[in-house]
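*Asks:* Starting off with a structure, shown below.
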Amino acid sequence: MLACRGLMKRYETDRGSVDAIRGIDLDVGSGRYAALVGRSGSGKSSLLAMIGGLSRPTAGQVLIDGTDIWALSDSALAAFRSAQVGYVFQFASLLPSLNAIENVALPARLAGVRRQGDILDAAAGLLADVGLDNHFDALPSELSSGEQRRVAIARALMNAPKLLLADEPTSDLDERSEREIMALLLDLNRRRGTTLLLVTHSLALAAEAEPVFQMLDGTLAP
Ligand SMILES: Nc1ncnc2c1ncn2[C@@H]1O[C@H](COP(=O)(O)OP(=O)(O)O)[C@@H](O)[C@H]1O
Ligand SMILES: [Mg+2]
């Protein structure tokens with residue numbers, strides 16, 4: 001389902017270049033729950049952003065269900081990403097002026113789905129799935145960090161992606177919210193068969209994952 005081949009990422013900065021990802025090959029089978037662990041600065045977010053179609057590799061390929069995503073045109077990549085990949089970011093990423101249901105509905109609107117009634121029904125269903133049936137109208141500022149993260153997860157699922165990428169989705173949450181968000185992600189992985197790749201700096205959080213990839217200074221530990 002997901003394959004990376006010879007992936008590299010070099011950032012050019014004022015102070016010179018940084019080789020953040022230095023040749024990575026990995027495979028994740030369909031429906032798996034995989035984890036990517038490693039210390040801060042080891043390159044986890046850089047790798048995930050290339051897999052998610054957000055940051056162009058300096059070299060190498062990302063294959064999702066056989067599609068070489070970085071060989072697509074910009075518009076084809078945007079369409080592919082919107083239809084196939086859900087992304088949960090490390091920090092708050094909701095639009096502050098939109099309420100919960102509008103935030104969740106956004107990916108379908110951006111993908112050009114026209115039937116507003118269907119979109120809102122689907123968004124309401126997803127909010128119920130993540131335990132927020134009573135907060136459809138709430139603005140992000142009226143929700144706790146854990147609740148905001150649930151909305152972000154519901155939004156990532158709006159277009160029914162086959163691949164869900166989550167970059168330290170619980171790192172800024174208290175322990176109880178962390179457990180709840182993890183349970184939610186694993187439940188979605190099992191019930192929907194959505195392939196999940198979770199980035200975390202916590203080996204404990206990755207305990208149930210298979211495979212677990214260990215990031216070490218821009219490469220994977222053997
Ligand atoms: N946009 C960027 N420009 C320059 N250097 C970056 C950029 N993003 C990340 N880096 C560097 O790349 C390395 C890996 O960062 P990152 O992928 O964020 O690691 P992690 O997510 O594991 O903490 C770090 O040395 C970081 O400073
Ligand atoms: Mg990171």
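FYI, nothing fancy with the structure tokens labels: chains A, B, ... in order, residues from 1 per chain, ligands from 1 as they appear.
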Mind dumping a table of every chain A residue within 10 Å of ligand 2, with the nearest atom pair and its distance in Å to one decimal, using only C-alpha atoms and all ligand atoms, sorted by chain and rising number, as CSV?
*Replies:*
```
residue,atom,partner,partner_atom_place_in_ligand_line,distance
A:Gly38,CA,ligand 2,1 (Mg),9.4
A:Arg39,CA,ligand 2,1 (Mg),8.9
A:Ser40,CA,ligand 2,1 (Mg),6.4
A:Gly41,CA,ligand 2,1 (Mg),6.8
A:Ser42,CA,ligand 2,1 (Mg),8.2
A:Gly43,CA,ligand 2,1 (Mg),6.9
A:Lys44,CA,ligand 2,1 (Mg),5.4
A:Ser45,CA,ligand 2,1 (Mg),4.0
A:Ser46,CA,ligand 2,1 (Mg),7.2
A:Leu47,CA,ligand 2,1 (Mg),9.2
A:Leu48,CA,ligand 2,1 (Mg),8.8
A:Ala49,CA,ligand 2,1 (Mg),9.7
A:Phe89,CA,ligand 2,1 (Mg),9.5
A:Gln90,CA,ligand 2,1 (Mg),7.3
A:Asp167,CA,ligand 2,1 (Mg),6.7
A:Glu168,CA,ligand 2,1 (Mg),7.1
A:Val199,CA,ligand 2,1 (Mg),7.9
A:Thr200,CA,ligand 2,1 (Mg),8.3
A:His201,CA,ligand 2,1 (Mg),8.7
```
*Asks:* Could you find all residues in range 46-195 of chain A that DSSP calls strand (DSSP E or B) from the backbone, and write them as a PyMOL selection string?
*Replies:* chain A and resi 59-64+67-68+85-88+163-167+195
*Asks:* Restricting the output to N, CA and C atoms, write the selected residues as an mmCIF file, in the first residue's frame.
*Replies:*
```cif
data_model
loop_
_atom_site.group_PDB
_atom_site.id
_atom_site.type_symbol
_atom_site.label_atom_id
_atom_site.label_comp_id
_atom_site.auth_asym_id
_atom_site.auth_seq_id
_atom_site.Cartn_x
_atom_site.Cartn_y
_atom_site.Cartn_z
ATOM 1 N N ALA A 59 15.287 13.447 -3.435
ATOM 2 C CA ALA A 59 15.480 12.275 -4.293
ATOM 3 C C ALA A 59 14.605 11.152 -3.772
ATOM 4 N N GLY A 60 14.311 10.194 -4.651
ATOM 5 C CA GLY A 60 13.578 9.008 -4.227
ATOM 6 C C GLY A 60 12.104 9.065 -4.575
ATOM 7 N N GLN A 61 11.413 7.988 -4.237
ATOM 8 C CA GLN A 61 10.008 7.825 -4.613
ATOM 9 C C GLN A 61 9.145 7.490 -3.418
ATOM 10 N N VAL A 62 7.877 7.964 -3.487
ATOM 11 C CA VAL A 62 6.825 7.534 -2.568
ATOM 12 C C VAL A 62 5.748 6.892 -3.425
ATOM 13 N N LEU A 63 5.477 5.613 -3.182
ATOM 14 C CA LEU A 63 4.452 4.885 -3.942
ATOM 15 C C LEU A 63 3.279 4.593 -3.017
ATOM 16 N N ILE A 64 2.104 5.073 -3.401
ATOM 17 C CA ILE A 64 0.889 4.787 -2.639
ATOM 18 C C ILE A 64 -0.045 4.014 -3.552
ATOM 19 N N THR A 67 0.967 4.224 -7.082
ATOM 20 C CA THR A 67 1.128 5.533 -7.720
ATOM 21 C C THR A 67 2.374 6.236 -7.182
ATOM 22 N N ASP A 68 3.248 6.633 -8.087
ATOM 23 C CA ASP A 68 4.467 7.372 -7.746
ATOM 24 C C ASP A 68 4.052 8.835 -7.568
ATOM 25 N N VAL A 85 -5.390 10.453 1.018
ATOM 26 C CA VAL A 85 -4.545 10.600 2.211
ATOM 27 C C VAL A 85 -5.177 11.547 3.217
ATOM 28 N N GLY A 86 -5.280 11.085 4.463
ATOM 29 C CA GLY A 86 -5.704 11.963 5.565
ATOM 30 C C GLY A 86 -4.480 12.311 6.391
ATOM 31 N N TYR A 87 -4.415 13.561 6.861
ATOM 32 C CA TYR A 87 -3.220 14.022 7.582
ATOM 33 C C TYR A 87 -3.669 14.692 8.876
ATOM 34 N N VAL A 88 -3.153 14.196 9.994
ATOM 35 C CA VAL A 88 -3.422 14.843 11.276
ATOM 36 C C VAL A 88 -2.119 15.492 11.722
ATOM 37 N N LEU A 163 -5.193 5.943 3.469
ATOM 38 C CA LEU A 163 -3.990 6.086 4.286
ATOM 39 C C LEU A 163 -4.165 7.277 5.220
ATOM 40 N N LEU A 164 -3.984 7.030 6.522
ATOM 41 C CA LEU A 164 -4.083 8.100 7.511
ATOM 42 C C LEU A 164 -2.712 8.314 8.142
ATOM 43 N N LEU A 165 -2.202 9.540 8.026
ATOM 44 C CA LEU A 165 -0.893 9.887 8.565
ATOM 45 C C LEU A 165 -1.096 10.811 9.758
ATOM 46 N N ALA A 166 -0.489 10.484 10.889
ATOM 47 C CA ALA A 166 -0.682 11.293 12.089
ATOM 48 C C ALA A 166 0.685 11.628 12.681
ATOM 49 N N ASP A 167 0.992 12.920 12.756
ATOM 50 C CA ASP A 167 2.297 13.381 13.235
ATOM 51 C C ASP A 167 2.196 13.801 14.703
ATOM 52 N N THR A 195 -5.259 2.258 6.611
ATOM 53 C CA THR A 195 -3.851 2.086 6.956
ATOM 54 C C THR A 195 -3.414 3.301 7.770
#
```
*Asks:* As a ChimeraX atom specification, please: the residues near range 92-104 of chain A (cut-off 12 Å, only C-alpha atoms, same-chain neighbours under 2 positions excluded).
*Replies:* /A:86-90,106-110,116,119-128,130,132-160,167-173
*Asks:* Using only C-alpha atoms, which residues sit within 12 Å of Ala207 in chain A once same-chain residues fewer than 6 positions away are excluded, as a ChimeraX atom specification?
*Replies:* /A:33-37,182,186,198,200-201,213
*Asks:* How about saving the chosen residues, N, CA and C atoms kept, as a PDB file, in the first residue's frame?
*Replies:*
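Result went into again_15.pdb, see below:
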```pdb
ATOM      1  N   TYR A  33      -1.283  -0.959  11.043  1.00  0.00           N
ATOM      2  CA  TYR A  33      -1.003   0.157  11.947  1.00  0.00           C
ATOM      3  C   TYR A  33       0.507   0.168  12.126  1.00  0.00           C
ATOM      4  N   ALA A  34       1.160   1.115  11.497  1.00  0.00           N
ATOM      5  CA  ALA A  34       2.614   1.222  11.561  1.00  0.00           C
ATOM      6  C   ALA A  34       2.985   2.458  12.378  1.00  0.00           C
ATOM      7  N   ALA A  35       4.146   2.412  13.017  1.00  0.00           N
ATOM      8  CA  ALA A  35       4.605   3.565  13.794  1.00  0.00           C
ATOM      9  C   ALA A  35       6.009   3.940  13.367  1.00  0.00           C
ATOM     10  N   LEU A  36       6.268   5.235  13.453  1.00  0.00           N
ATOM     11  CA  LEU A  36       7.592   5.785  13.165  1.00  0.00           C
ATOM     12  C   LEU A  36       8.027   6.503  14.430  1.00  0.00           C
ATOM     13  N   VAL A  37       9.057   5.955  15.108  1.00  0.00           N
ATOM     14  CA  VAL A  37       9.492   6.534  16.369  1.00  0.00           C
ATOM     15  C   VAL A  37      10.909   7.072  16.224  1.00  0.00           C
ATOM     16  N   MET A 182      -5.564   7.936  21.052  1.00  0.00           N
ATOM     17  CA  MET A 182      -4.936   6.713  20.547  1.00  0.00           C
ATOM     18  C   MET A 182      -5.971   5.616  20.331  1.00  0.00           C
ATOM     19  N   LEU A 186      -6.797   3.799  16.711  1.00  0.00           N
ATOM     20  CA  LEU A 186      -6.701   2.346  16.531  1.00  0.00           C
ATOM     21  C   LEU A 186      -8.040   1.747  16.146  1.00  0.00           C
ATOM     22  N   LEU A 198       1.619   6.252  12.288  1.00  0.00           N
ATOM     23  CA  LEU A 198       1.664   7.163  13.427  1.00  0.00           C
ATOM     24  C   LEU A 198       3.105   7.551  13.722  1.00  0.00           C
ATOM     25  N   THR A 200       5.528   9.175  16.467  1.00  0.00           N
ATOM     26  CA  THR A 200       5.540   9.479  17.896  1.00  0.00           C
ATOM     27  C   THR A 200       6.975   9.424  18.407  1.00  0.00           C
ATOM     28  N   HIS A 201       7.265  10.162  19.500  1.00  0.00           N
ATOM     29  CA  HIS A 201       8.581   9.980  20.098  1.00  0.00           C
ATOM     30  C   HIS A 201       8.503   8.969  21.229  1.00  0.00           C
ATOM     31  N   PHE A 213       9.033   1.526  12.837  1.00  0.00           N
ATOM     32  CA  PHE A 213      10.267   2.025  12.222  1.00  0.00           C
ATOM     33  C   PHE A 213      10.942   2.968  13.200  1.00  0.00           C
TER      34      PHE A 213
END
```
*Asks:* Of the candidates A:Ala76, A:Leu216, A:Arg176, A:Ala221, which shows the shortest atom-to-atom distance to ligand 1, using only C-alpha atoms and all ligand atoms?
*Replies:*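 Nearest to ligand 1: A:Leu216.
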*Asks:* In Å, rounded to a single decimal, give me how far CA of Arg32 in chain A is from CA of Leu203 in chain A.
*Replies:*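 Answer for the CA of Leu203 in chain A to CA of Arg32 in chain A separation: 17.4 Å.
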*Asks:* Could you state the separation of CA of Val28 in chain A and CA of Pro222 in chain A in Å, given to one decimal place?
*Replies:*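 Those two atoms sit 15.6 Å apart.
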*Asks:* Counting only C-alpha atoms and all ligand atoms, which of A:Ala204, A:Ile21, A:Leu7, A:Ala78 gets nearest to ligand 1?
*Replies:*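 That would be A:Ile21, the residue with the smallest distance to ligand 1.
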*Asks:* Which of these residues is nearest to Arg192 in chain A, using only C-alpha atoms: A:Gly112, A:Gly52, A:Gly16, A:Gly31?
*Replies:*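 Using only C-alpha atoms, the shortest distance to Arg192 in chain A belongs to A:Gly31.
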